[in-house]
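Dumped data_1.txt below, it's compact mmCIF, C-alpha atoms:
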# COMPACT_ATOMS: atom_id res chain seq x y z
CA MET H 1 65.98 6.75 -23.10
CA ALA H 2 66.84 9.85 -25.04
CA ALA H 3 65.49 13.22 -24.02
CA PRO H 4 61.87 13.72 -25.03
CA LEU H 5 60.78 15.83 -27.97
CA ASN H 6 59.12 19.17 -27.36
CA VAL H 7 56.15 19.17 -29.64
CA SER H 8 53.76 21.97 -30.42
CA VAL H 9 50.86 21.90 -32.82
CA VAL H 10 50.01 25.38 -34.01
CA ALA H 11 47.04 26.59 -36.05
CA ALA H 12 46.52 30.02 -37.58
CA ASP H 13 44.54 31.40 -34.69
CA GLN H 14 45.90 29.52 -31.71
CA GLU H 15 48.30 26.97 -30.31
CA ILE H 16 46.43 23.70 -30.23
CA TRP H 17 48.63 21.47 -28.21
CA SER H 18 52.11 21.51 -26.79
CA GLY H 19 53.95 19.11 -24.62
CA GLU H 20 56.55 16.40 -24.50
CA ALA H 21 56.44 13.41 -26.72
CA SER H 22 58.54 10.38 -27.50
CA MET H 23 57.58 10.10 -31.15
CA VAL H 24 55.82 12.07 -33.84
CA ILE H 25 54.51 10.53 -37.02
CA ALA H 26 53.43 12.84 -39.80
CA LYS H 27 52.51 12.52 -43.42
CA THR H 28 54.57 14.72 -45.70
CA VAL H 29 54.23 15.12 -49.43
CA GLU H 30 56.92 12.49 -49.84
CA GLY H 31 55.40 9.95 -47.52
CA GLU H 32 55.07 9.20 -43.84
CA ILE H 33 57.87 10.22 -41.57
CA GLY H 34 58.50 9.25 -37.99
CA ILE H 35 60.51 11.54 -35.78
CA LEU H 36 62.33 10.46 -32.65
CA ALA H 37 64.58 12.47 -30.38
CA GLY H 38 67.89 13.38 -31.96
CA HIS H 39 66.46 13.79 -35.45
CA GLU H 40 68.39 16.08 -37.74
CA PRO H 41 66.95 19.53 -38.48
CA LEU H 42 64.19 19.19 -41.01
CA LEU H 43 61.62 21.31 -42.77
CA ALA H 44 58.93 19.37 -44.55
CA ILE H 45 55.68 20.17 -46.26
CA LEU H 46 52.77 18.23 -44.85
CA ALA H 47 50.26 16.46 -47.00
CA ALA H 48 46.65 16.57 -45.88
CA GLY H 49 46.26 13.98 -43.22
CA GLU H 50 46.82 13.06 -39.64
CA VAL H 51 49.71 13.73 -37.35
CA ARG H 52 50.15 11.19 -34.61
CA VAL H 53 51.97 12.08 -31.45
CA SER H 54 52.94 9.56 -28.78
CA THR H 55 53.33 11.49 -25.58
CA THR H 56 55.86 10.60 -22.91
CA SER H 57 53.07 9.48 -20.63
CA GLY H 58 52.14 6.84 -23.15
CA GLU H 59 49.07 8.52 -24.58
CA ARG H 60 48.43 8.73 -28.26
CA LEU H 61 47.28 11.96 -29.74
CA VAL H 62 45.92 12.43 -33.23
CA ALA H 63 45.65 15.82 -34.88
CA ARG H 64 44.37 16.78 -38.27
CA ALA H 65 46.61 19.26 -40.06
CA ASP H 66 45.90 20.68 -43.50
CA ASP H 67 48.10 22.98 -45.53
CA GLY H 68 50.96 23.00 -43.16
CA PHE H 69 54.55 22.19 -42.58
CA LEU H 70 56.69 20.51 -40.01
CA SER H 71 59.94 21.75 -38.58
CA VAL H 72 62.39 19.84 -36.44
CA GLU H 73 65.40 21.28 -34.70
CA ASN H 74 67.16 20.49 -31.45
CA ASP H 75 64.45 18.05 -30.46
CA THR H 76 61.79 20.69 -30.91
CA VAL H 77 59.05 19.71 -33.30
CA THR H 78 56.64 22.33 -34.56
CA ILE H 79 53.67 21.32 -36.63
CA VAL H 80 52.20 24.38 -38.25
CA ALA H 81 48.95 24.30 -40.17
CA ARG H 82 46.43 26.84 -41.26
CA ASP H 83 43.68 24.48 -40.17
CA ALA H 84 44.48 22.09 -37.40
CA GLU H 85 42.47 20.35 -34.76
CA LEU H 86 42.85 17.57 -32.26
CA ILE H 87 40.86 14.52 -33.14
CA LYS H 88 41.54 12.74 -29.87
CA MET D 1 9.44 78.70 -16.25
CA GLY D 2 11.62 81.24 -17.99
CA ALA D 3 12.57 80.83 -21.62
CA GLN D 4 16.29 80.81 -20.80
CA LEU D 5 15.87 78.15 -18.18
CA ARG D 6 13.99 75.94 -20.60
CA VAL D 7 16.78 76.17 -23.15
CA TYR D 8 19.38 75.15 -20.58
CA ARG D 9 17.29 72.24 -19.34
CA SER D 10 16.89 70.81 -22.85
CA LYS D 11 20.63 71.12 -23.45
CA ILE D 12 21.35 69.23 -20.25
CA LYS D 13 18.92 66.51 -21.32
CA SER D 14 20.54 66.08 -24.70
CA ALA D 15 24.04 65.95 -23.21
CA GLN D 16 22.82 63.28 -20.79
CA THR D 17 21.40 61.13 -23.59
CA THR D 18 24.61 61.42 -25.59
CA LYS D 19 26.61 60.48 -22.55
CA LYS D 20 24.58 57.32 -22.08
CA ILE D 21 25.44 56.23 -25.61
CA THR D 22 29.13 57.08 -25.42
CA ARG D 23 29.45 55.45 -22.02
CA ALA D 24 27.89 52.24 -23.34
CA MET D 25 30.21 52.20 -26.36
CA GLU D 26 33.18 52.81 -24.11
CA LEU D 27 32.32 49.81 -21.98
CA ILE D 28 31.69 47.58 -24.97
CA SER D 29 35.04 48.49 -26.52
CA ALA D 30 36.84 48.01 -23.22
CA SER D 31 35.51 44.48 -22.98
CA ARG D 32 36.38 43.72 -26.60
CA ILE D 33 39.96 44.93 -26.36
CA GLN D 34 40.72 42.02 -24.06
CA LYS D 35 39.38 39.54 -26.56
CA ALA D 36 41.15 41.16 -29.48
CA GLN D 37 44.42 41.19 -27.58
CA THR D 38 44.05 37.54 -26.71
CA ARG D 39 43.56 36.75 -30.38
CA VAL D 40 46.72 38.64 -31.27
CA LYS D 41 48.56 36.67 -28.63
CA GLN D 42 47.10 33.35 -29.74
CA SER D 43 48.13 33.87 -33.33
CA THR D 44 51.69 34.72 -32.34
CA PRO D 45 53.02 31.13 -32.16
CA TYR D 46 51.81 30.54 -35.72
CA SER D 47 53.41 33.63 -37.20
CA GLN D 48 56.59 33.04 -35.22
CA ALA D 49 56.88 29.48 -36.44
CA ILE D 50 56.34 30.56 -40.02
CA THR D 51 58.74 33.47 -39.81
CA ARG D 52 61.37 31.18 -38.35
CA ALA D 53 60.89 28.61 -41.05
CA VAL D 54 60.94 31.15 -43.87
CA SER D 55 64.06 32.78 -42.47
CA ALA D 56 65.69 29.38 -42.19
CA VAL D 57 64.97 28.45 -45.79
CA ALA D 58 66.01 31.85 -47.04
CA THR D 59 69.24 31.75 -45.08
CA TYR D 60 70.40 28.32 -46.15
CA SER D 61 69.38 28.12 -49.72
CA ASN D 62 70.15 30.36 -52.61
CA VAL D 63 66.76 29.91 -54.10
CA GLU D 64 65.67 32.80 -56.24
CA HIS D 65 61.99 32.98 -55.59
CA PRO D 66 59.82 35.55 -57.39
CA LEU D 67 58.28 36.61 -54.09
CA THR D 68 61.60 37.49 -52.52
CA THR D 69 63.52 39.04 -55.38
CA GLU D 70 63.17 42.68 -56.17
CA ARG D 71 62.35 43.35 -59.80
CA GLU D 72 64.53 45.49 -61.96
CA LYS D 73 61.74 47.74 -63.02
CA LEU D 74 59.34 48.92 -60.31
CA ASP D 75 56.41 50.54 -62.09
CA THR D 76 53.40 49.85 -59.97
CA ALA D 77 52.98 49.71 -56.24
CA ALA D 78 49.96 48.47 -54.36
CA ILE D 79 48.90 49.75 -50.96
CA VAL D 80 46.67 47.68 -48.72
CA ILE D 81 44.87 49.97 -46.28
CA PHE D 82 43.37 48.54 -43.08
CA THR D 83 40.69 50.79 -41.60
CA SER D 84 37.65 50.09 -39.47
CA ASP D 85 34.07 49.47 -40.55
CA ARG D 86 32.57 51.96 -38.18
CA GLY D 87 33.52 55.39 -37.01
CA LEU D 88 33.41 56.89 -33.53
CA ALA D 89 36.94 55.75 -32.95
CA GLY D 90 38.71 59.07 -32.91
CA ALA D 91 41.43 59.46 -35.50
CA PHE D 92 41.75 55.72 -36.04
CA SER D 93 40.77 55.53 -39.69
CA SER D 94 41.75 59.04 -40.69
CA SER D 95 45.30 58.66 -39.40
CA ILE D 96 45.69 55.47 -41.42
CA LEU D 97 44.30 57.13 -44.54
CA LYS D 98 46.65 60.05 -44.02
CA GLU D 99 49.58 57.67 -43.65
CA ALA D 100 48.53 55.86 -46.83
CA GLU D 101 48.25 59.14 -48.71
CA SER D 102 51.73 60.21 -47.76
CA LEU D 103 53.08 56.80 -48.73
CA ALA D 104 51.29 57.08 -52.09
CA GLU D 105 52.80 60.53 -52.51
CA LEU D 106 56.25 59.15 -51.86
CA LEU D 107 55.78 56.27 -54.29
CA ARG D 108 54.44 58.59 -56.96
CA SER D 109 57.44 60.86 -56.54
CA GLU D 110 59.57 57.79 -57.32
CA GLY D 111 57.65 57.47 -60.56
CA LYS D 112 55.46 54.54 -59.59
CA LYS D 113 51.82 54.08 -60.27
CA VAL D 114 49.82 53.40 -57.15
CA VAL D 115 46.87 51.03 -56.84
CA TYR D 116 44.86 50.43 -53.71
CA PHE D 117 43.38 47.47 -51.89
CA LEU D 118 40.95 48.56 -49.21
CA VAL D 119 39.90 46.83 -46.03
CA GLY D 120 37.11 48.32 -43.95
CA ARG D 121 34.08 50.40 -44.79
CA LYS D 122 35.77 53.66 -43.81
CA ALA D 123 38.43 53.33 -46.47
CA VAL D 124 35.84 52.39 -49.09
CA GLY D 125 33.76 55.43 -48.13
CA TYR D 126 36.79 57.69 -48.30
CA PHE D 127 37.62 56.48 -51.80
CA SER D 128 34.10 56.49 -53.21
CA PHE D 129 33.48 60.01 -51.87
CA ARG D 130 36.52 61.21 -53.77
CA ARG D 131 35.57 59.11 -56.78
CA ARG D 132 38.85 57.32 -56.71
CA GLU D 133 39.53 53.88 -58.03
CA SER D 134 40.48 50.94 -55.91
CA GLU D 135 41.55 47.53 -57.13
CA LYS D 136 39.56 45.52 -54.64
CA SER D 137 37.92 46.04 -51.29
CA TRP D 138 36.71 44.04 -48.31
CA THR D 139 34.18 45.28 -45.80
CA GLY D 140 32.63 43.83 -42.68
CA GLY D 141 34.20 42.12 -39.74
CA THR D 142 37.14 44.43 -39.18
CA ASP D 143 36.54 44.34 -35.45
CA GLN D 144 36.61 40.54 -35.39
CA PRO D 145 38.72 39.45 -38.33
CA VAL D 146 38.57 35.86 -39.49
CA PHE D 147 41.35 33.96 -41.19
CA GLU D 148 39.31 33.40 -44.34
CA THR D 149 39.35 37.12 -45.08
CA ALA D 150 43.10 37.25 -44.59
CA LYS D 151 43.43 34.35 -47.02
CA GLU D 152 41.27 36.13 -49.59
CA ILE D 153 43.32 39.31 -49.30
CA ALA D 154 46.56 37.36 -49.50
CA ASP D 155 45.36 35.50 -52.57
CA ALA D 156 44.35 38.75 -54.25
CA VAL D 157 47.62 40.54 -53.60
CA VAL D 158 49.80 37.58 -54.51
CA THR D 159 47.84 37.12 -57.72
CA ALA D 160 48.25 40.80 -58.54
CA TYR D 161 51.93 40.51 -57.75
CA ASN D 162 52.40 37.55 -60.05
CA LEU D 163 50.67 39.19 -63.00
CA ASP D 164 52.68 40.86 -65.72
CA ASP D 165 52.85 44.61 -65.93
CA GLU D 166 50.66 44.68 -69.04
CA GLU D 167 47.88 42.83 -67.28
CA GLY D 168 47.82 45.24 -64.40
CA GLY D 169 50.27 43.45 -62.19
CA VAL D 170 52.04 45.20 -59.35
CA ASP D 171 55.70 45.13 -58.40
CA GLU D 172 55.47 46.09 -54.76
CA ILE D 173 52.94 45.62 -52.01
CA HIS D 174 52.74 47.76 -48.92
CA LEU D 175 50.56 47.31 -45.88
CA VAL D 176 49.30 50.27 -43.88
CA TYR D 177 47.65 49.41 -40.57
CA ASN D 178 47.38 50.49 -36.96
CA ARG D 179 49.60 48.58 -34.61
CA PHE D 180 48.33 48.04 -31.10
CA VAL D 181 51.02 49.23 -28.71
CA SER D 182 49.04 49.77 -25.54
CA MET D 183 45.57 50.79 -24.43
CA VAL D 184 46.46 54.42 -25.07
CA THR D 185 48.82 54.19 -28.02
CA GLN D 186 48.19 52.88 -31.50
CA VAL D 187 50.81 53.55 -34.10
CA PRO D 188 50.19 53.67 -37.84
CA GLU D 189 52.55 51.15 -39.34
CA VAL D 190 53.78 50.97 -42.92
CA VAL D 191 55.28 47.65 -43.97
CA ARG D 192 56.49 46.48 -47.33
CA LEU D 193 55.03 43.04 -47.71
CA LEU D 194 56.32 42.05 -51.14
CA PRO D 195 59.01 41.60 -52.25
CA LEU D 196 59.64 40.04 -48.87
CA GLU D 197 62.15 41.39 -46.50
CA ILE D 198 62.59 38.47 -44.20
CA VAL D 199 63.83 40.38 -41.24
CA GLU D 200 61.37 40.23 -38.45
CA GLY D 201 61.92 43.12 -36.10
CA GLU D 202 60.06 41.52 -33.24
CA GLU D 203 62.01 38.30 -33.38
CA PRO D 204 64.52 37.89 -30.59
CA SER D 205 66.52 35.57 -32.80
CA THR D 206 69.36 37.99 -33.54
CA GLY D 207 72.69 36.29 -33.25
CA GLU D 208 71.04 32.92 -33.22
CA VAL D 209 72.31 30.59 -35.88
CA PHE D 210 69.80 28.49 -37.72
CA PRO D 211 70.64 24.81 -37.86
CA LEU D 212 71.39 23.32 -41.21
CA TYR D 213 67.98 22.06 -42.23
CA GLU D 214 67.19 19.23 -44.47
CA PHE D 215 64.29 20.03 -46.73
CA GLU D 216 61.61 17.71 -47.84
CA PRO D 217 61.01 17.45 -50.76
CA ASP D 218 63.56 20.21 -51.55
CA ALA D 219 64.31 23.79 -50.60
CA GLU D 220 62.55 25.28 -53.57
CA THR D 221 59.28 23.44 -53.02
CA VAL D 222 59.37 24.21 -49.34
CA LEU D 223 59.85 27.90 -50.03
CA ASP D 224 57.12 27.79 -52.65
CA ALA D 225 54.72 26.39 -50.12
CA LEU D 226 55.84 28.57 -47.23
CA LEU D 227 55.81 32.01 -48.79
CA PRO D 228 52.08 32.27 -49.50
CA ILE D 229 51.43 31.05 -45.95
CA TYR D 230 53.83 33.65 -44.66
CA VAL D 231 52.07 36.41 -46.59
CA GLU D 232 48.74 35.22 -45.22
CA SER D 233 49.98 35.18 -41.69
CA ARG D 234 51.42 38.70 -42.04
CA ILE D 235 48.11 39.99 -43.35
CA PHE D 236 46.15 38.16 -40.67
CA ASN D 237 48.44 39.60 -38.04
CA ALA D 238 47.91 43.10 -39.47
CA MET D 239 44.16 42.57 -39.30
CA LEU D 240 44.26 41.38 -35.71
CA GLN D 241 46.50 44.26 -34.68
CA SER D 242 44.22 46.67 -36.43
CA ALA D 243 41.16 45.22 -34.68
CA ALA D 244 42.75 45.51 -31.26
CA ALA D 245 43.86 49.05 -32.06
CA GLU D 246 40.38 49.93 -33.28
CA HIS D 247 38.80 48.89 -30.00
CA ALA D 248 41.43 50.75 -28.01
CA ALA D 249 40.98 53.88 -30.12
CA ARG D 250 37.22 53.70 -29.80
CA GLN D 251 37.41 53.23 -26.07
CA LYS D 252 39.65 56.27 -25.76
CA ALA D 253 37.49 58.40 -28.03
CA MET D 254 34.31 57.41 -26.21
CA LYS D 255 35.90 58.03 -22.84
CA SER D 256 36.79 61.57 -23.79
CA ALA D 257 33.32 62.05 -25.29
CA SER D 258 31.75 60.95 -22.00
CA ASP D 259 34.06 63.28 -20.10
CA ASN D 260 33.11 66.15 -22.39
CA ALA D 261 29.44 65.38 -21.87
CA ASP D 262 30.05 65.49 -18.12
CA ASN D 263 31.66 68.91 -18.46
CA LEU D 264 28.79 70.18 -20.61
CA ILE D 265 26.22 68.92 -18.13
CA ARG D 266 28.06 70.59 -15.28
CA ASP D 267 28.39 73.93 -17.08
CA TYR D 268 24.78 73.98 -18.19
CA THR D 269 23.57 72.99 -14.74
CA ARG D 270 25.45 76.01 -13.32
CA LEU D 271 23.90 78.28 -15.95
CA ALA D 272 20.45 76.81 -15.35
CA ASN D 273 20.82 77.35 -11.59
CA ASN D 274 21.89 80.90 -12.27
CA ALA D 275 18.91 81.49 -14.52
CA ARG D 276 16.54 79.98 -11.98
CA GLN D 277 17.99 82.08 -9.18
CA SER D 278 17.79 85.31 -11.14
CA GLU D 279 14.22 84.45 -12.06
CA ILE D 280 13.37 84.02 -8.38
CA THR D 281 15.17 87.22 -7.48
CA GLN D 282 13.25 89.06 -10.12
CA GLN D 283 9.96 87.64 -8.91
CA ILE D 284 10.73 88.64 -5.30
CA SER D 285 11.70 92.12 -6.28
CA GLU D 286 8.52 92.37 -8.32
CA ILE D 287 6.44 91.25 -5.35
CA VAL D 288 8.27 93.58 -2.99
CA GLY D 289 7.91 96.42 -5.48
CA GLY D 290 4.21 95.66 -5.89
CA ALA D 291 3.63 95.47 -2.13
CA ASP D 292 5.50 98.73 -1.68
CA ALA D 293 3.38 100.39 -4.32
CA LEU D 294 0.17 99.08 -2.70
CA ALA D 295 1.33 100.19 0.76
CA SER D 296 2.19 103.70 -0.39
CA ALA D 297 -1.09 103.94 -2.29
CA LYS D 298 -3.05 103.12 0.92
CA LYS D 299 -1.49 105.99 2.87
Represent the structure from my file as structure tokens, please.
Amino acid sequence: MAAPLNVSVVAADQEIWSGEASMVIAKTVEGEIGILAGHEPLLAILAAGEVRVSTTSGERLVARADDGFLSVENDTVTIVARDAELIK
Amino acid sequence: MGAQLRVYRSKIKSAQTTKKITRAMELISASRIQKAQTRVKQSTPYSQAITRAVSAVATYSNVEHPLTTEREKLDTAAIVIFTSDRGLAGAFSSSILKEAESLAELLRSEGKKVVYFLVGRKAVGYFSFRRRESEKSWTGGTDQPVFETAKEIADAVVTAYNLDDEEGGVDEIHLVYNRFVSMVTQVPEVVRLLPLEIVEGEEPSTGEVFPLYEFEPDAETVLDALLPIYVESRIFNAMLQSAAAEHAARQKAMKSASDNADNLIRDYTRLANNARQSEITQQISEIVGGADALASAKK
């Protein structure tokens, strides 16, 4: 399996979650996008909605992110939102 | 009790009461610095991520965005001043106001009109006392800033920036705030917010090459969405820094006030002891003198 993704979910006042994940699914203004390891560098604007993260340990994590963007580079995924919170 | 002694005693009392207040404020500030510092630290990942993203877009696309391009004619400049709501923090607010004044002086000498946005009751008081105009002001909560206020300020300045000159728009926006360096040092910082200079001094990313990003939907839209967020995060960061600096300044000021009260109490206690002793001496010599007089009268 490819190297895991380093994911961090960041809100305006704090870092909400960070860790390793195998896949990130987010909803951008263009539509849903799934990110696996080895994805090309990307900057995308997020639409209001959920971001789903599948961690390497097999858990599924759902975060709400409004007014934010997503950046991917070198297997590092940063989800930045003014308002963000973990739903579960 | 002698009149002099009474005066000294009341002075000691009043210094003691003052000391109690200043000591309490010192302790409160000391405990709040920690919290304020943690908030600065917690908001760092956000501002770093945004700065990185904005730099990346700006580096790899030749998008001419109104927020990043300098205008040909710079007529009006806006200064956003971050002070505290309450005093008793030493030179915290006054040094910021002084810094803002000298910046305004500089801008005026370049032929620009200066308008002000004020944050904190101290700045508002300073302006209303001098009957000076300010564009907009925010008071309350400078010691524990919330993101909503930062958003409001950002909205106001960006709106002012986007207006035309005839409608009272501004061409430049500067921030003046106290930066928290350490518990003992707070530095007044002057930053030009708009047009953006996307060079973050604190970023260790010098020499690092940004990967070639793909933008979704496209570079222009991404930049459009990112820049207001970036402005917000810069303002929020300034507010958090200012809050941490305010607590540090207050703690320092209150510490020296408590120390001064200690000195006063010590000095007055010495004087009071002196007065009491000389009173006793006088009484003894009066008694001795009286006894002497009686004794010689008996002979």
Just need the residues of chain D within 12 Å of chain H, counting only C-alpha atoms, so spit them out as a ChimeraX atom specification.
/D:36,38-57,60,145-148,150-151,209-230,232-237,240
C-alpha atoms of the current selection, written as a CSV table (one decimal), in the coordinates of the input:
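Full text of part19.csv as output:
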chain,number,residue,atom,x,y,z
D,36,ALA,CA,41.2,41.2,-29.5
D,38,THR,CA,44.0,37.5,-26.7
D,39,ARG,CA,43.6,36.8,-30.4
D,40,VAL,CA,46.7,38.6,-31.3
D,41,LYS,CA,48.6,36.7,-28.6
D,42,GLN,CA,47.1,33.4,-29.7
D,43,SER,CA,48.1,33.9,-33.3
D,44,THR,CA,51.7,34.7,-32.3
D,45,PRO,CA,53.0,31.1,-32.2
D,46,TYR,CA,51.8,30.5,-35.7
D,47,SER,CA,53.4,33.6,-37.2
D,48,GLN,CA,56.6,33.0,-35.2
D,49,ALA,CA,56.9,29.5,-36.4
D,50,ILE,CA,56.3,30.6,-40.0
D,51,THR,CA,58.7,33.5,-39.8
D,52,ARG,CA,61.4,31.2,-38.4
D,53,ALA,CA,60.9,28.6,-41.0
D,54,VAL,CA,60.9,31.2,-43.9
D,55,SER,CA,64.1,32.8,-42.5
D,56,ALA,CA,65.7,29.4,-42.2
D,57,VAL,CA,65.0,28.4,-45.8
D,60,TYR,CA,70.4,28.3,-46.2
D,145,PRO,CA,38.7,39.4,-38.3
D,146,VAL,CA,38.6,35.9,-39.5
D,147,PHE,CA,41.4,34.0,-41.2
D,148,GLU,CA,39.3,33.4,-44.3
D,150,ALA,CA,43.1,37.2,-44.6
D,151,LYS,CA,43.4,34.4,-47.0
D,209,VAL,CA,72.3,30.6,-35.9
D,210,PHE,CA,69.8,28.5,-37.7
D,211,PRO,CA,70.6,24.8,-37.9
D,212,LEU,CA,71.4,23.3,-41.2
D,213,TYR,CA,68.0,22.1,-42.2
D,214,GLU,CA,67.2,19.2,-44.5
D,215,PHE,CA,64.3,20.0,-46.7
D,216,GLU,CA,61.6,17.7,-47.8
D,217,PRO,CA,61.0,17.4,-50.8
D,218,ASP,CA,63.6,20.2,-51.6
D,219,ALA,CA,64.3,23.8,-50.6
D,220,GLU,CA,62.6,25.3,-53.6
D,221,THR,CA,59.3,23.4,-53.0
D,222,VAL,CA,59.4,24.2,-49.3
D,223,LEU,CA,59.8,27.9,-50.0
D,224,ASP,CA,57.1,27.8,-52.6
D,225,ALA,CA,54.7,26.4,-50.1
D,226,LEU,CA,55.8,28.6,-47.2
D,227,LEU,CA,55.8,32.0,-48.8
D,228,PRO,CA,52.1,32.3,-49.5
D,229,ILE,CA,51.4,31.0,-46.0
D,230,TYR,CA,53.8,33.6,-44.7
D,232,GLU,CA,48.7,35.2,-45.2
D,233,SER,CA,50.0,35.2,-41.7
D,234,ARG,CA,51.4,38.7,-42.0
D,235,ILE,CA,48.1,40.0,-43.4
D,236,PHE,CA,46.2,38.2,-40.7
D,237,ASN,CA,48.4,39.6,-38.0
D,240,LEU,CA,44.3,41.4,-35.7
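Take atom CA of H:Asn6 and atom CA of H:Ala65: the distance between them is 17.8 Å.
The coordinates place atom CA of D:Met254 at 6.6 Å from atom CA of D:Met25.
Residue nearest D:Asn260 within the list D:Ser109, D:Thr185, D:Thr18, D:Thr142: D:Thr18 [criterion: smallest interatomic distance, only C-alpha atoms].
Excluding stretch 71-76 of chain D itself and same-chain residues fewer than 3 positions from it, the residues having an atom within 9 Å of it are Pro66, Leu107, Gly111, Lys112, Lys113, Val114, Val115, Asp165, Gly168, Gly169, Val170, Asp171, Glu172 and Pro195 of chain D, counting all atoms listed in the file.
Comparing H:Val62, H:Ala21, H:Leu86, H:Val77 by their smallest distance to H:His39, the closest is H:Val77 (using only C-alpha atoms).
Ranking D:Thr159, D:Thr83, D:Ser31, D:Thr22 by their shortest atom-to-atom distance to D:Ser137, with all atoms listed in the file included, puts D:Thr83 first.
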How many Å lie between atom CA of H:Ala3 and atom CA of H:Arg60, rounded to one decimal?
18.1 Å
Residues at most 10 Å from D:Glu246, counting all atoms listed in the file, excluding those fewer than 5 positions away in the same chain, as an MDAnalysis selection string?
chainID D and resid 29 32:33 36 83:93 142:143 178:180 186 240:241 251:252
Completion of stretch 44-60 of chain H up to N, CA and C atoms, as a PDB file, keeping the file's coordinate frame:
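And here's part.pdb as it stands now:
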ATOM      1  N   ALA H  44      59.646  20.164 -43.578  1.00  0.00           N
ATOM      2  CA  ALA H  44      58.930  19.370 -44.550  1.00  0.00           C
ATOM      3  C   ALA H  44      57.524  19.899 -44.754  1.00  0.00           C
ATOM      4  N   ILE H  45      57.049  19.770 -45.968  1.00  0.00           N
ATOM      5  CA  ILE H  45      55.680  20.170 -46.260  1.00  0.00           C
ATOM      6  C   ILE H  45      54.764  19.001 -45.936  1.00  0.00           C
ATOM      7  N   LEU H  46      53.689  19.297 -45.232  1.00  0.00           N
ATOM      8  CA  LEU H  46      52.770  18.230 -44.850  1.00  0.00           C
ATOM      9  C   LEU H  46      51.725  18.017 -45.934  1.00  0.00           C
ATOM     10  N   ALA H  47      51.398  16.758 -46.137  1.00  0.00           N
ATOM     11  CA  ALA H  47      50.260  16.460 -47.000  1.00  0.00           C
ATOM     12  C   ALA H  47      49.030  16.442 -46.098  1.00  0.00           C
ATOM     13  N   ALA H  48      47.864  16.597 -46.692  1.00  0.00           N
ATOM     14  CA  ALA H  48      46.650  16.570 -45.880  1.00  0.00           C
ATOM     15  C   ALA H  48      46.580  15.228 -45.183  1.00  0.00           C
ATOM     16  N   GLY H  49      46.329  15.243 -43.922  1.00  0.00           N
ATOM     17  CA  GLY H  49      46.260  13.980 -43.220  1.00  0.00           C
ATOM     18  C   GLY H  49      46.473  14.148 -41.741  1.00  0.00           C
ATOM     19  N   GLU H  50      46.730  13.038 -41.089  1.00  0.00           N
ATOM     20  CA  GLU H  50      46.820  13.060 -39.640  1.00  0.00           C
ATOM     21  C   GLU H  50      48.256  13.149 -39.177  1.00  0.00           C
ATOM     22  N   VAL H  51      48.420  13.736 -38.021  1.00  0.00           N
ATOM     23  CA  VAL H  51      49.710  13.730 -37.350  1.00  0.00           C
ATOM     24  C   VAL H  51      49.505  12.968 -36.056  1.00  0.00           C
ATOM     25  N   ARG H  52      50.325  11.967 -35.840  1.00  0.00           N
ATOM     26  CA  ARG H  52      50.150  11.190 -34.610  1.00  0.00           C
ATOM     27  C   ARG H  52      51.306  11.477 -33.661  1.00  0.00           C
ATOM     28  N   VAL H  53      50.958  11.759 -32.447  1.00  0.00           N
ATOM     29  CA  VAL H  53      51.970  12.080 -31.450  1.00  0.00           C
ATOM     30  C   VAL H  53      51.846  11.078 -30.310  1.00  0.00           C
ATOM     31  N   SER H  54      52.945  10.434 -29.961  1.00  0.00           N
ATOM     32  CA  SER H  54      52.940   9.560 -28.780  1.00  0.00           C
ATOM     33  C   SER H  54      53.588  10.332 -27.644  1.00  0.00           C
ATOM     34  N   THR H  55      52.796  10.663 -26.673  1.00  0.00           N
ATOM     35  CA  THR H  55      53.330  11.490 -25.580  1.00  0.00           C
ATOM     36  C   THR H  55      54.193  10.646 -24.659  1.00  0.00           C
ATOM     37  N   THR H  56      54.956  11.328 -23.817  1.00  0.00           N
ATOM     38  CA  THR H  56      55.860  10.600 -22.910  1.00  0.00           C
ATOM     39  C   THR H  56      55.074   9.794 -21.898  1.00  0.00           C
ATOM     40  N   SER H  57      53.848  10.225 -21.608  1.00  0.00           N
ATOM     41  CA  SER H  57      53.070   9.480 -20.630  1.00  0.00           C
ATOM     42  C   SER H  57      52.349   8.283 -21.262  1.00  0.00           C
ATOM     43  N   GLY H  58      52.680   8.018 -22.516  1.00  0.00           N
ATOM     44  CA  GLY H  58      52.140   6.840 -23.150  1.00  0.00           C
ATOM     45  C   GLY H  58      50.825   7.048 -23.889  1.00  0.00           C
ATOM     46  N   GLU H  59      50.319   8.269 -23.862  1.00  0.00           N
ATOM     47  CA  GLU H  59      49.070   8.520 -24.580  1.00  0.00           C
ATOM     48  C   GLU H  59      49.335   8.672 -26.070  1.00  0.00           C
ATOM     49  N   ARG H  60      48.294   8.477 -26.824  1.00  0.00           N
ATOM     50  CA  ARG H  60      48.430   8.730 -28.260  1.00  0.00           C
ATOM     51  C   ARG H  60      47.484   9.843 -28.654  1.00  0.00           C
TER      52      ARG H  60
END
